[in-house]
$ cat start_2.txt   # compact mmCIF, C-alpha atoms and all ligand atoms
# COMPACT_ATOMS: atom_id res chain seq x y z
CA MET X 781 139.04 143.75 -3.08
CA ARG X 782 141.83 141.97 -4.90
CA THR X 783 145.38 142.09 -3.68
CA VAL X 784 148.21 142.07 -6.18
CA LEU X 785 151.34 140.82 -4.47
CA LEU X 786 154.46 141.75 -6.35
CA THR X 787 157.47 139.77 -5.23
CA SER X 788 159.55 142.36 -3.40
CA VAL X 789 157.19 145.30 -3.33
CA ALA X 790 153.77 144.61 -1.90
CA ILE X 791 151.28 146.63 -3.84
CA VAL X 792 147.66 146.58 -2.97
CA ALA X 793 145.32 147.40 -5.80
CA LEU X 794 142.91 149.93 -4.46
CA CYS X 795 139.22 149.31 -4.58
CA ALA X 796 136.97 151.48 -6.56
CA GLN X 797 136.31 154.07 -3.98
CA SER X 798 137.21 155.13 -3.58
CA ALA X 799 124.38 175.26 -23.76
CA SER X 800 122.43 176.27 -20.91
CA GLN X 801 118.95 174.98 -21.23
CA SER X 802 116.29 177.63 -21.47
CA ALA X 803 113.87 177.54 -18.57
CA GLY X 804 110.91 176.71 -20.70
CA SER X 805 112.45 173.88 -22.68
CA ALA X 806 112.41 170.22 -21.80
CA ALA X 807 114.30 169.16 -24.91
CA PRO X 808 117.28 166.87 -24.36
CA ILE X 809 120.68 168.49 -24.23
CA GLY X 810 121.49 168.75 -27.91
CA ALA X 811 124.12 171.42 -28.29
CA TYR X 812 127.05 169.05 -28.08
CA THR X 813 128.81 166.93 -30.61
CA VAL X 814 127.83 163.34 -30.01
CA ILE X 815 130.87 161.54 -28.65
CA PRO X 816 130.96 157.90 -29.65
CA GLN X 817 131.19 155.38 -26.85
CA LEU X 818 134.10 153.00 -27.15
CA PRO X 819 132.90 149.56 -26.12
CA GLY X 820 134.15 148.77 -22.66
CA MET X 821 136.71 151.54 -22.81
CA GLY X 822 134.83 154.63 -21.80
CA ARG X 823 134.95 157.87 -23.69
CA PRO X 824 137.77 159.16 -25.87
CA VAL X 825 140.67 160.57 -23.88
CA ASP X 826 141.75 164.19 -24.26
CA THR X 827 145.32 162.98 -24.73
CA ALA X 828 146.81 166.49 -24.78
CA ALA X 829 145.10 167.45 -21.51
CA VAL X 830 146.19 164.34 -19.60
CA ALA X 831 149.74 164.59 -20.97
CA ALA X 832 149.91 168.20 -19.75
CA ARG X 833 148.70 167.12 -16.29
CA ARG X 834 151.32 164.37 -16.15
CA ARG X 835 154.06 166.80 -17.17
CA ALA X 836 152.92 169.29 -14.54
CA LEU X 837 152.96 166.59 -11.85
CA LEU X 838 156.43 165.36 -12.74
CA LYS X 839 157.70 168.94 -12.84
CA ARG X 840 156.46 169.36 -9.27
CA ILE X 841 158.29 166.21 -8.22
CA GLY X 842 161.53 166.98 -10.02
CA ARG X 843 163.15 163.57 -9.66
CA GLY X 844 161.53 160.30 -8.70
CA THR X 845 158.82 157.82 -9.64
CA VAL X 846 155.04 158.01 -9.36
CA LEU X 847 152.91 154.87 -9.24
CA ILE X 848 149.12 155.26 -9.53
CA PRO X 849 146.68 152.33 -9.48
CA ALA X 850 143.34 152.30 -11.26
CA ALA X 851 140.25 151.26 -9.32
CA HIS X 852 139.04 147.68 -9.13
CA GLU X 853 135.48 146.71 -9.92
CA ARG X 854 133.41 146.25 -6.79
CA ASN X 855 131.74 142.94 -6.18
CA ILE X 856 127.98 143.21 -6.04
CA GLU X 857 127.61 140.52 -3.39
CA GLN X 858 130.68 141.03 -1.24
CA ASP X 859 131.64 144.70 -1.34
CA TYR X 860 128.62 146.93 -1.58
CA VAL X 861 125.17 145.47 -1.80
CA GLN X 862 123.50 146.62 -5.02
CA ASP X 863 126.49 148.68 -6.03
CA ASN X 864 128.80 147.24 -8.65
CA ASP X 865 128.87 150.38 -10.75
CA PHE X 866 132.53 150.76 -11.68
CA ARG X 867 133.88 154.25 -11.15
CA GLN X 868 137.50 155.06 -11.85
CA ASP X 869 139.81 156.31 -9.11
CA ASN X 870 139.97 160.10 -9.39
CA THR X 871 143.76 160.38 -9.35
CA PHE X 872 144.16 157.73 -12.04
CA TYR X 873 141.42 159.36 -14.10
CA TYR X 874 142.93 162.81 -13.76
CA LEU X 875 146.20 161.55 -15.22
CA THR X 876 144.81 159.20 -17.89
CA GLU X 877 141.04 159.70 -18.43
CA LEU X 878 140.91 155.93 -18.86
CA GLU X 879 138.02 154.01 -17.34
CA THR X 880 139.84 150.72 -17.56
CA GLN X 881 140.15 148.82 -14.29
CA ASP X 882 143.12 147.19 -12.54
CA ALA X 883 145.67 149.20 -14.54
CA PHE X 884 148.72 151.02 -13.19
CA LEU X 885 150.40 154.20 -14.33
CA LEU X 886 154.15 154.47 -13.71
CA MET X 887 155.85 157.80 -14.34
CA THR X 888 159.50 158.62 -13.92
CA ALA X 889 161.08 162.07 -13.74
CA ARG X 890 164.84 162.35 -14.19
CA GLY X 891 165.03 166.13 -14.20
CA GLN X 892 163.11 168.68 -16.21
CA ASP X 893 163.41 167.20 -19.68
CA SER X 894 163.41 163.49 -19.00
CA LEU X 895 159.97 162.13 -18.31
CA GLU X 896 158.84 158.58 -18.94
CA THR X 897 155.27 157.31 -18.73
CA VAL X 898 154.29 153.65 -18.84
CA LEU X 899 150.79 152.22 -18.66
CA PHE X 900 150.43 148.68 -17.35
CA LEU X 901 147.29 146.77 -18.30
CA PRO X 902 145.98 143.33 -17.41
CA PRO X 903 145.74 140.91 -20.32
CA ARG X 904 142.45 140.75 -22.19
CA THR X 905 140.41 137.67 -21.39
CA PRO X 906 138.08 136.76 -24.27
CA SER X 907 135.95 134.47 -22.11
CA GLN X 908 135.32 137.32 -19.65
CA GLU X 909 134.72 139.79 -22.48
CA ARG X 910 131.82 137.61 -23.64
CA TRP X 911 130.14 138.54 -20.35
CA THR X 912 131.13 142.13 -19.79
CA GLY X 913 132.36 143.45 -23.13
CA LEU X 914 135.64 144.57 -24.63
CA ARG X 915 138.45 145.71 -22.38
CA LEU X 916 141.56 147.66 -23.09
CA GLY X 917 144.59 145.33 -23.22
CA PRO X 918 148.36 145.83 -23.46
CA ASP X 919 148.54 146.43 -27.20
CA SER X 920 148.65 149.12 -29.89
CA VAL X 921 144.97 149.99 -29.43
CA ALA X 922 145.73 151.10 -25.88
CA VAL X 923 148.68 153.16 -27.12
CA ARG X 924 146.47 154.93 -29.62
CA LEU X 925 143.54 155.54 -27.28
CA SER X 926 145.55 156.57 -24.24
CA GLY X 927 148.21 158.62 -26.03
CA ILE X 928 150.77 156.85 -23.80
CA PRO X 929 153.52 155.49 -26.06
CA THR X 930 154.57 152.62 -23.79
CA VAL X 931 151.91 150.12 -22.71
CA LEU X 932 153.08 146.92 -21.06
CA PRO X 933 151.44 143.82 -19.58
CA LEU X 934 150.68 144.10 -15.88
CA ASP X 935 152.96 141.21 -14.98
CA SER X 936 156.00 143.30 -15.93
CA LEU X 937 155.17 145.96 -13.34
CA ASP X 938 156.97 144.26 -10.47
CA THR X 939 160.37 144.41 -12.16
CA ARG X 940 159.88 148.02 -13.17
CA VAL X 941 158.89 149.08 -9.66
CA ARG X 942 161.85 147.29 -8.09
CA GLY X 943 164.23 149.17 -10.35
CA ALA X 944 162.40 152.47 -10.02
CA LEU X 945 164.19 155.72 -9.40
CA GLN X 946 163.64 156.79 -5.78
CA PRO X 947 161.77 158.34 -4.12
CA LEU X 948 158.58 156.52 -5.00
CA TYR X 949 155.32 158.45 -4.76
CA THR X 950 151.94 156.71 -4.37
CA PRO X 951 148.41 157.90 -3.55
CA GLN X 952 147.65 157.99 0.16
CA GLY X 953 145.01 159.43 2.44
CA ARG X 954 142.03 161.41 1.18
CA GLY X 955 139.79 159.63 -1.27
CA ARG X 956 141.39 156.25 -0.73
CA SER X 957 139.32 153.36 0.48
CA SER X 958 139.70 153.11 4.24
CA ARG X 959 139.96 149.35 3.81
CA ALA X 960 142.99 149.60 1.55
CA PRO X 961 146.38 150.05 3.17
CA ASP X 962 148.83 152.36 1.48
CA MET X 963 150.21 150.84 -1.68
CA ALA X 964 153.86 150.58 -0.96
CA PRO X 965 155.61 151.00 2.36
CA ASN X 966 157.98 153.97 2.64
CA SER X 967 156.54 155.69 -0.40
CA LEU X 968 155.79 159.41 -0.34
CA ASN X 969 152.28 160.76 -0.76
CA VAL X 970 151.41 161.92 -4.26
CA SER X 971 147.75 162.63 -3.42
CA THR X 972 148.42 166.01 -1.85
CA ILE X 973 150.27 167.14 -4.99
CA VAL X 974 147.62 165.87 -7.42
CA ASP X 975 144.82 167.26 -5.25
CA SER X 976 146.42 170.71 -5.32
CA MET X 977 146.65 170.48 -9.13
CA ARG X 978 142.94 169.60 -9.32
CA VAL X 979 141.81 172.83 -7.64
CA VAL X 980 142.07 174.98 -10.78
CA LYS X 981 140.26 173.25 -13.62
CA ASP X 982 141.71 173.14 -17.14
CA ALA X 983 139.63 173.63 -20.28
CA ASP X 984 138.77 169.94 -20.61
CA GLU X 985 137.60 169.76 -16.99
CA ILE X 986 135.51 172.91 -17.35
CA SER X 987 133.79 171.53 -20.42
CA ARG X 988 132.97 168.33 -18.52
CA LEU X 989 131.60 170.35 -15.61
CA ARG X 990 129.51 172.48 -17.96
CA ARG X 991 127.99 169.37 -19.42
CA ALA X 992 127.29 167.86 -15.99
CA VAL X 993 125.64 171.14 -14.96
CA ASP X 994 123.52 171.34 -18.12
CA ILE X 995 122.27 167.80 -17.62
CA SER X 996 121.50 168.60 -13.99
CA VAL X 997 119.57 171.72 -14.99
CA ALA X 998 117.48 169.64 -17.39
CA GLY X 999 116.62 167.24 -14.55
CA HIS X 1000 115.57 170.04 -12.21
CA ILE X 1001 113.33 171.50 -14.90
CA ALA X 1002 111.79 168.08 -15.51
CA ALA X 1003 111.03 167.72 -11.80
CA MET X 1004 109.39 171.16 -11.60
CA ARG X 1005 107.29 170.35 -14.61
CA ALA X 1006 106.17 167.03 -13.13
CA ALA X 1007 105.26 168.48 -9.72
CA ARG X 1008 101.69 168.06 -8.48
CA ALA X 1009 100.38 168.32 -4.91
CA GLY X 1010 99.81 164.83 -3.56
CA MET X 1011 102.75 163.24 -5.37
CA TYR X 1012 105.23 161.21 -3.40
CA GLU X 1013 108.73 162.64 -3.12
CA TYR X 1014 110.04 159.60 -4.98
CA GLU X 1015 107.83 160.42 -7.93
CA LEU X 1016 109.57 163.80 -8.18
CA GLU X 1017 112.87 162.00 -7.78
CA ALA X 1018 111.93 159.73 -10.69
CA ALA X 1019 111.14 162.71 -12.94
CA LEU X 1020 114.38 164.40 -11.91
CA GLU X 1021 116.59 161.39 -12.49
CA ASP X 1022 114.77 160.55 -15.71
CA GLY X 1023 115.79 164.04 -16.84
CA PHE X 1024 119.41 163.30 -15.91
CA ARG X 1025 119.67 159.94 -17.62
CA ARG X 1026 117.65 161.01 -20.64
CA ASN X 1027 120.28 163.68 -21.20
CA GLY X 1028 123.24 161.36 -20.89
CA ALA X 1029 124.20 161.43 -17.20
CA ASP X 1030 126.70 158.71 -16.35
CA ARG X 1031 125.39 158.44 -12.80
CA LEU X 1032 124.20 160.61 -9.92
CA GLY X 1033 126.78 162.96 -8.47
CA TYR X 1034 125.37 162.08 -5.03
CA PRO X 1035 122.08 160.65 -3.73
CA SER X 1036 119.20 162.93 -4.76
CA ILE X 1037 117.73 164.99 -1.92
CA VAL X 1038 114.00 165.51 -2.50
CA GLY X 1039 112.44 166.90 0.68
CA SER X 1040 108.94 168.33 0.96
CA GLY X 1041 107.20 170.16 3.80
CA PRO X 1042 108.97 169.28 7.08
CA ASN X 1043 111.72 167.48 5.19
CA THR X 1044 112.87 170.75 3.61
CA THR X 1045 114.61 171.58 6.90
CA THR X 1046 116.74 168.40 6.92
CA LEU X 1047 119.86 169.32 4.97
CA HIS X 1048 120.72 165.93 3.51
CA TYR X 1049 117.31 164.22 3.60
CA ASP X 1050 117.38 161.57 0.88
CA VAL X 1051 114.76 159.06 2.00
CA ASN X 1052 112.29 160.67 -0.41
CA ARG X 1053 109.18 158.77 0.71
CA ARG X 1054 106.75 161.41 1.97
CA LYS X 1055 103.51 162.24 0.21
CA THR X 1056 103.49 165.95 -0.61
CA GLU X 1057 100.63 168.19 0.43
CA ASN X 1058 99.14 171.26 -1.13
CA GLY X 1059 101.06 174.30 0.16
CA ASP X 1060 104.37 172.46 0.63
CA LEU X 1061 107.69 173.73 -0.53
CA VAL X 1062 110.05 171.14 -2.04
CA VAL X 1063 113.84 171.31 -1.80
CA ILE X 1064 115.61 169.32 -4.49
CA ASP X 1065 119.39 169.12 -4.11
CA ALA X 1066 120.54 166.80 -6.88
CA ALA X 1067 122.96 166.61 -9.77
CA ALA X 1068 124.34 164.44 -12.50
CA GLU X 1069 127.85 163.22 -13.07
CA TRP X 1070 129.22 163.27 -16.61
CA GLY X 1071 132.72 162.26 -17.66
CA GLN X 1072 133.75 161.76 -13.97
CA TYR X 1073 132.75 165.36 -13.03
CA THR X 1074 129.67 166.29 -11.04
CA ALA X 1075 127.48 169.34 -10.69
CA ASP X 1076 125.72 170.29 -7.42
CA VAL X 1077 122.42 172.14 -7.83
CA THR X 1078 119.53 172.93 -5.47
CA ARG X 1079 116.17 174.41 -6.27
CA THR X 1080 113.25 175.12 -3.94
CA PHE X 1081 109.74 175.40 -5.37
CA PRO X 1082 106.10 175.16 -4.28
CA ILE X 1083 104.56 171.79 -5.07
CA ASN X 1084 101.41 173.51 -6.33
CA GLY X 1085 103.31 176.02 -8.46
CA LYS X 1086 102.55 179.15 -6.40
CA PHE X 1087 104.62 180.55 -3.49
CA THR X 1088 102.75 181.89 -0.48
CA LEU X 1089 103.74 185.42 0.61
CA ARG X 1090 105.68 183.98 3.55
CA GLN X 1091 107.49 181.41 1.41
CA LYS X 1092 108.34 184.12 -1.13
CA ALA X 1093 109.71 186.45 1.55
CA ILE X 1094 112.09 183.79 2.87
CA TYR X 1095 112.98 182.70 -0.65
CA ASP X 1096 113.85 186.22 -1.75
CA LEU X 1097 116.09 186.71 1.26
CA VAL X 1098 118.04 183.54 0.39
CA LEU X 1099 118.19 184.63 -3.24
CA GLY X 1100 119.48 188.08 -2.31
CA ALA X 1101 122.17 186.56 -0.11
CA GLN X 1102 123.26 184.27 -2.93
CA GLN X 1103 123.38 187.18 -5.38
CA ALA X 1104 125.42 189.29 -2.93
CA ALA X 1105 127.95 186.45 -2.61
CA PHE X 1106 128.07 186.02 -6.38
CA ASP X 1107 128.71 189.73 -6.84
CA ALA X 1108 131.70 189.40 -4.50
CA VAL X 1109 133.27 186.46 -6.41
CA ARG X 1110 136.65 187.39 -7.80
CA PRO X 1111 140.19 186.00 -7.74
CA GLY X 1112 141.81 186.28 -4.32
CA VAL X 1113 138.58 186.07 -2.32
CA THR X 1114 138.07 183.06 -0.01
CA MET X 1115 134.94 180.96 0.51
CA ARG X 1116 134.90 182.19 4.09
CA GLN X 1117 134.77 185.80 2.92
CA LEU X 1118 131.89 184.94 0.57
CA ASP X 1119 130.13 183.25 3.50
CA ASP X 1120 130.51 186.48 5.47
CA VAL X 1121 129.06 188.50 2.59
CA ALA X 1122 126.00 186.24 2.33
CA ARG X 1123 125.39 186.29 6.09
CA ARG X 1124 125.79 190.05 6.25
CA TYR X 1125 123.21 190.46 3.49
CA MET X 1126 120.80 188.19 5.35
CA ARG X 1127 121.40 189.99 8.61
CA GLU X 1128 120.79 193.42 7.09
CA HIS X 1129 117.65 192.36 5.21
CA SER X 1130 116.00 190.02 7.73
CA GLY X 1131 113.62 192.55 9.27
CA ASN X 1132 111.46 190.41 11.53
CA LEU X 1133 111.28 187.45 9.13
CA CYS X 1134 113.08 185.19 11.59
CA GLY X 1135 111.54 186.58 14.80
CA GLN X 1136 113.91 187.84 17.48
CA LEU X 1137 116.95 186.55 15.62
CA THR X 1138 118.18 187.49 12.17
CA CYS X 1139 117.96 184.81 9.50
CA ASP X 1140 121.75 184.46 9.13
CA ASP X 1141 121.84 183.01 12.65
CA ARG X 1142 123.22 179.45 12.78
CA GLU X 1143 119.79 178.43 14.07
CA PHE X 1144 118.47 179.01 10.55
CA PHE X 1145 121.46 179.08 8.15
CA ASN X 1146 123.27 176.11 9.63
CA HIS X 1147 125.81 175.18 6.95
CA GLY X 1148 128.59 176.79 4.96
CA LEU X 1149 127.93 178.92 1.89
CA GLY X 1150 129.60 176.61 -0.58
CA HIS X 1151 132.53 174.53 -1.74
CA PRO X 1152 134.48 173.62 -4.87
CA ILE X 1153 133.07 170.95 -7.20
CA GLY X 1154 134.89 168.67 -9.61
CA MET X 1155 135.41 164.93 -9.64
CA ASP X 1156 134.09 164.95 -6.08
CA VAL X 1157 130.96 166.89 -5.21
CA HIS X 1158 132.89 168.37 -2.30
CA ASP X 1159 136.05 168.75 -4.29
CA VAL X 1160 139.54 169.70 -3.21
CA GLY X 1161 140.54 173.29 -2.53
CA ILE X 1162 137.93 174.58 -0.04
CA GLY X 1163 140.43 176.80 1.81
CA ARG X 1164 142.24 178.21 -1.20
CA PRO X 1165 141.67 181.82 -2.31
CA LEU X 1166 139.69 181.78 -5.54
CA GLU X 1167 141.52 181.65 -8.86
CA PRO X 1168 140.20 181.75 -12.42
CA GLY X 1169 139.29 178.19 -13.36
CA MET X 1170 137.98 177.17 -9.95
CA VAL X 1171 134.35 176.05 -9.92
CA ILE X 1172 132.39 176.54 -6.71
CA THR X 1173 128.86 176.32 -5.36
CA LEU X 1174 127.00 179.18 -3.71
CA GLU X 1175 124.23 177.65 -1.60
CA PRO X 1176 122.72 179.80 1.15
CA GLY X 1177 119.67 178.48 2.96
CA ILE X 1178 117.19 179.32 5.70
CA TYR X 1179 115.55 176.48 7.61
CA ILE X 1180 112.83 177.30 10.14
CA GLN X 1181 111.94 174.05 11.87
CA ALA X 1182 109.02 175.48 13.85
CA GLU X 1183 107.31 176.30 10.57
CA GLN X 1184 108.53 173.23 8.69
CA LEU X 1185 109.86 175.72 6.16
CA GLY X 1186 113.21 175.30 4.43
CA VAL X 1187 114.67 177.11 1.43
CA ARG X 1188 118.03 176.45 -0.22
CA ILE X 1189 119.25 177.78 -3.55
CA GLU X 1190 122.46 176.29 -4.90
CA ASP X 1191 124.21 177.26 -8.11
CA ASP X 1192 127.52 176.36 -9.68
CA VAL X 1193 129.85 179.24 -10.51
CA LEU X 1194 133.01 179.36 -12.61
CA VAL X 1195 135.55 181.82 -11.25
CA THR X 1196 136.86 184.07 -14.03
CA ALA X 1197 139.50 186.81 -14.14
CA LYS X 1198 136.79 189.43 -13.67
CA GLY X 1199 134.36 187.72 -11.31
CA GLY X 1200 132.07 184.73 -11.69
CA GLU X 1201 130.00 183.01 -14.35
CA TRP X 1202 126.74 181.33 -13.37
CA LEU X 1203 126.83 177.83 -14.86
CA SER X 1204 123.46 176.58 -13.62
CA ALA X 1205 121.35 179.65 -14.29
CA GLY X 1206 119.31 177.67 -16.84
CA ALA X 1207 117.29 176.26 -13.94
CA PRO X 1208 114.69 178.91 -12.97
CA ARG X 1209 115.99 180.72 -9.93
CA THR X 1210 113.61 183.56 -9.12
CA THR X 1211 110.09 183.01 -7.77
CA ASP X 1212 108.68 184.58 -10.93
CA ALA X 1213 110.69 182.30 -13.22
CA ILE X 1214 109.74 179.23 -11.18
CA GLU X 1215 106.03 180.13 -11.13
CA LYS X 1216 106.11 180.86 -14.86
CA LEU X 1217 107.67 177.50 -15.67
CA MET X 1218 105.25 175.69 -13.39
CA SER X 1219 102.20 177.52 -14.69
CA GLY X 1220 102.93 176.04 -18.12
CA ARG X 1221 102.70 172.46 -16.85
N1 LIG X 1301 124.70 168.25 -2.34
C1 LIG X 1301 125.50 168.40 -1.20
C2 LIG X 1301 125.87 169.79 -0.96
O1 LIG X 1301 125.21 170.67 -1.43
O2 LIG X 1301 126.87 170.10 -0.37
MN MN X 1302 126.84 171.81 -2.33
MN MN X 1303 123.96 170.30 -3.10

$ encode --input "start_2.txt" --output "structure tokens"
Amino acid sequence: MRTVLLTSVAIVALCAQSASQSAGSAAPIGAYTVIPQLPGMGRPVDTAAVAARRRALLKRIGRGTVLIPAAHERNIEQDYVQDNDFRQDNTFYYLTELETQDAFLLMTARGQDSLETVLFLPPRTPSQERWTGLRLGPDSVAVRLSGIPTVLPLDSLDTRVRGALQPLYTPQGRGRSSRAPDMAPNSLNVSTIVDSMRVVKDADEISRLRRAVDISVAGHIAAMRAARAGMYEYELEAALEDGFRRNGADRLGYPSIVGSGPNTTTLHYDVNRRKTENGDLVVIDAAAEWGQYTADVTRTFPINGKFTLRQKAIYDLVLGAQQAAFDAVRPGVTMRQLDDVARRYMREHSGNLCGQLTCDDREFFNHGLGHPIGMDVHDVGIGRPLEPGMVITLEPGIYIQAEQLGVRIEDDVLVTAKGGEWLSAGAPRTTDAIEKLMSGR
């Protein structure tokens, strides 16, 4: 981590912490306009969307200054072993969509109609660019790409912050690196405000999520197609992640969970080293990130392509519970209420599938029904009643350890004015659809 000491105000640059695909098709995602990659500068910014977010933030604040740092590149040898993959800080990204590192965003609100936004960028260093490519610098290119009319060199930030209109708001708490102290003493926390704005996704965010979901669906289909009894879990993982990257994933949304047989009952098993056996189920909980937004998708399938009667019975109960929750999605409903709906369905349809208990018992369904997704896989807004524009997961599961039998089905759902829209339905979800896809291998 690098510390930027500004004469009177100590500011610590935060570390980087911080077309549905048809079931039968393995073709790459092709329904999108190809977006050109800007060398070293990430993807084009939706300048109207970020400007609207900045205006909304400053309106919430009324009067004062907001200072947001970009992330800093991690050091492969000193910070995280084998992890120097730069990822922008979510708050900075939300307000700029810039992937440039070590920048600062300074915004001033002097009442409703007087808003000022300044982007501070480090100078370009041609010798460094020969190693790692072009960077955005404090010049007219940055003005054009960011849509921010004032872009200044980073060394002028100190003066501007010292003269800033009070109060000063900076990011604090959730999502910040635990190793980074708060940026400026006595500043107010802007994170809670930005996080609350992130709960309902705007059109640009929804299109990013759709793309992340479509890529994820393609990966799940690739894994199902590759499945053969006797494969190692990591071979399935390779097919899955090949499907992600081949379709343009920026990175994994989270470490891929590929559990077979007994490992299906371990919720976040991601060792992925077991050799599968004929008759196993496989739980794959994995997703791609695209444009800073991640999907979260789980499918459960038989390694040999054919469910046993027992596996199908458990699967169909999980599926029914998920469908019941989906049918209850509408604005105003809470995740807790949806959880109740799913558990009630399981309870009422368990018969003797789970022995003396019903399958909704915490012994078997030992996690929550779902959560919002966005820039974080477990995104902000879990307790908020649903609103159109929120995107959530519905992920019931039944895990019977004594039988080494686990089933989870997880889909991503956009909340609309009338109910919900399945985003990840392109990945086969019923036992029939899964068997049909796998029979064509
Ligand atoms: N992939 C983590 C979860 O489903 O919550
Ligand atoms: Mn999830
Ligand atoms: Mn998941």

$ atom_distance --input "start_2.txt" --atom1 "CA of Ser971 (chain X)" --atom2 "CA of Thr1196 (chain X)"
26.3 Å

$ atom_distance --input "start_2.txt" --atom1 "CA of Thr1088 (chain X)" --atom2 "CA of Asp1192 (chain X)"
27.0 Å

$ residues_around --input "start_2.txt" --residues "region 1047-1058 of chain X" --least-positions-apart "6" --cutoff "12 Å" --atoms "all atoms listed in the file" --output "compact mmCIF listing (two decimals) with C-alpha atoms, in the frame of the given file"
# COMPACT_ATOMS: atom_id res chain seq x y z
CA ALA X 1007 105.26 168.48 -9.72
CA ARG X 1008 101.69 168.06 -8.48
CA ALA X 1009 100.38 168.32 -4.91
CA GLY X 1010 99.81 164.83 -3.56
CA MET X 1011 102.75 163.24 -5.37
CA TYR X 1012 105.23 161.21 -3.40
CA GLU X 1013 108.73 162.64 -3.12
CA TYR X 1014 110.04 159.60 -4.98
CA GLU X 1015 107.83 160.42 -7.93
CA LEU X 1016 109.57 163.80 -8.18
CA GLU X 1017 112.87 162.00 -7.78
CA ALA X 1018 111.93 159.73 -10.69
CA TYR X 1034 125.37 162.08 -5.03
CA PRO X 1035 122.08 160.65 -3.73
CA SER X 1036 119.20 162.93 -4.76
CA ILE X 1037 117.73 164.99 -1.92
CA VAL X 1038 114.00 165.51 -2.50
CA GLY X 1039 112.44 166.90 0.68
CA SER X 1040 108.94 168.33 0.96
CA GLY X 1041 107.20 170.16 3.80
CA ILE X 1064 115.61 169.32 -4.49
CA ASP X 1065 119.39 169.12 -4.11
CA ALA X 1066 120.54 166.80 -6.88
CA THR X 1078 119.53 172.93 -5.47
CA PRO X 1082 106.10 175.16 -4.28
CA ILE X 1083 104.56 171.79 -5.07
CA ASN X 1084 101.41 173.51 -6.33
CA GLY X 1085 103.31 176.02 -8.46
CA LYS X 1086 102.55 179.15 -6.40
CA PHE X 1087 104.62 180.55 -3.49
CA THR X 1088 102.75 181.89 -0.48
CA PHE X 1144 118.47 179.01 10.55
CA PHE X 1145 121.46 179.08 8.15
CA ASN X 1146 123.27 176.11 9.63
CA HIS X 1147 125.81 175.18 6.95
CA GLY X 1148 128.59 176.79 4.96
CA GLU X 1175 124.23 177.65 -1.60
CA PRO X 1176 122.72 179.80 1.15
CA GLY X 1177 119.67 178.48 2.96
CA ILE X 1178 117.19 179.32 5.70
CA TYR X 1179 115.55 176.48 7.61
CA ILE X 1180 112.83 177.30 10.14
CA GLN X 1181 111.94 174.05 11.87
CA LEU X 1185 109.86 175.72 6.16
CA GLY X 1186 113.21 175.30 4.43
CA VAL X 1187 114.67 177.11 1.43
CA ARG X 1188 118.03 176.45 -0.22

$ closest_residue --input "start_2.txt" --among "X:Val997, X:Leu945, X:Leu1174, X:Ile841" --to "ligand LIG 1301 (chain X)" --atoms "all atoms listed in the file"
X:Leu1174

$ residues_near_point --input "start_2.txt" --point "(149.0, 155.4, -6.1)" --cutoff "9 Å" --atoms "only C-alpha atoms" --output "list in words"
Ala793, Leu794, Val846, Leu847, Ile848, Pro849, Ala850, Thr871, Phe872, Phe884, Leu885, Tyr949, Thr950, Pro951, Gln952, Asp962, Met963, Ala964, Asn969, Val970 and Ser971 of chain X

$ atom_distance --input "start_2.txt" --atom1 "CA of Asp826 (chain X)" --atom2 "CA of Leu875 (chain X)"
10.4 Å

$ residues_around --input "start_2.txt" --residues "region 1067-1073 of chain X" --least-positions-apart "4" --cutoff "9 Å" --atoms "all atoms listed in the file" --output "short mmCIF file (atom, residue, chain, number, x, y, z; two decimals) with C-alpha atoms, keeping the file's coordinate frame"
data_model
loop_
_atom_site.label_atom_id
_atom_site.label_comp_id
_atom_site.auth_asym_id
_atom_site.auth_seq_id
_atom_site.Cartn_x
_atom_site.Cartn_y
_atom_site.Cartn_z
CA GLY X 822 134.83 154.63 -21.80
CA ARG X 823 134.95 157.87 -23.69
CA ARG X 867 133.88 154.25 -11.15
CA GLN X 868 137.50 155.06 -11.85
CA ASN X 870 139.97 160.10 -9.39
CA TYR X 873 141.42 159.36 -14.10
CA GLU X 877 141.04 159.70 -18.43
CA GLU X 985 137.60 169.76 -16.99
CA ARG X 988 132.97 168.33 -18.52
CA LEU X 989 131.60 170.35 -15.61
CA ARG X 991 127.99 169.37 -19.42
CA ALA X 992 127.29 167.86 -15.99
CA VAL X 993 125.64 171.14 -14.96
CA ASP X 994 123.52 171.34 -18.12
CA ILE X 995 122.27 167.80 -17.62
CA SER X 996 121.50 168.60 -13.99
CA VAL X 997 119.57 171.72 -14.99
CA GLY X 999 116.62 167.24 -14.55
CA HIS X 1000 115.57 170.04 -12.21
CA GLU X 1021 116.59 161.39 -12.49
CA PHE X 1024 119.41 163.30 -15.91
CA ARG X 1025 119.67 159.94 -17.62
CA GLY X 1028 123.24 161.36 -20.89
CA ALA X 1029 124.20 161.43 -17.20
CA ASP X 1030 126.70 158.71 -16.35
CA ARG X 1031 125.39 158.44 -12.80
CA LEU X 1032 124.20 160.61 -9.92
CA GLY X 1033 126.78 162.96 -8.47
CA TYR X 1034 125.37 162.08 -5.03
CA PRO X 1035 122.08 160.65 -3.73
CA SER X 1036 119.20 162.93 -4.76
CA VAL X 1077 122.42 172.14 -7.83
CA THR X 1078 119.53 172.93 -5.47
CA ILE X 1153 133.07 170.95 -7.20
CA GLY X 1154 134.89 168.67 -9.61
CA MET X 1155 135.41 164.93 -9.64
CA ASP X 1156 134.09 164.95 -6.08
CA VAL X 1157 130.96 166.89 -5.21
#

$ closest_residue --input "start_2.txt" --among "X:Glu1167, X:Glu853, X:Asp1076, X:Glu1201" --to "His1151 (chain X)" --atoms "all atoms listed in the file"
X:Asp1076
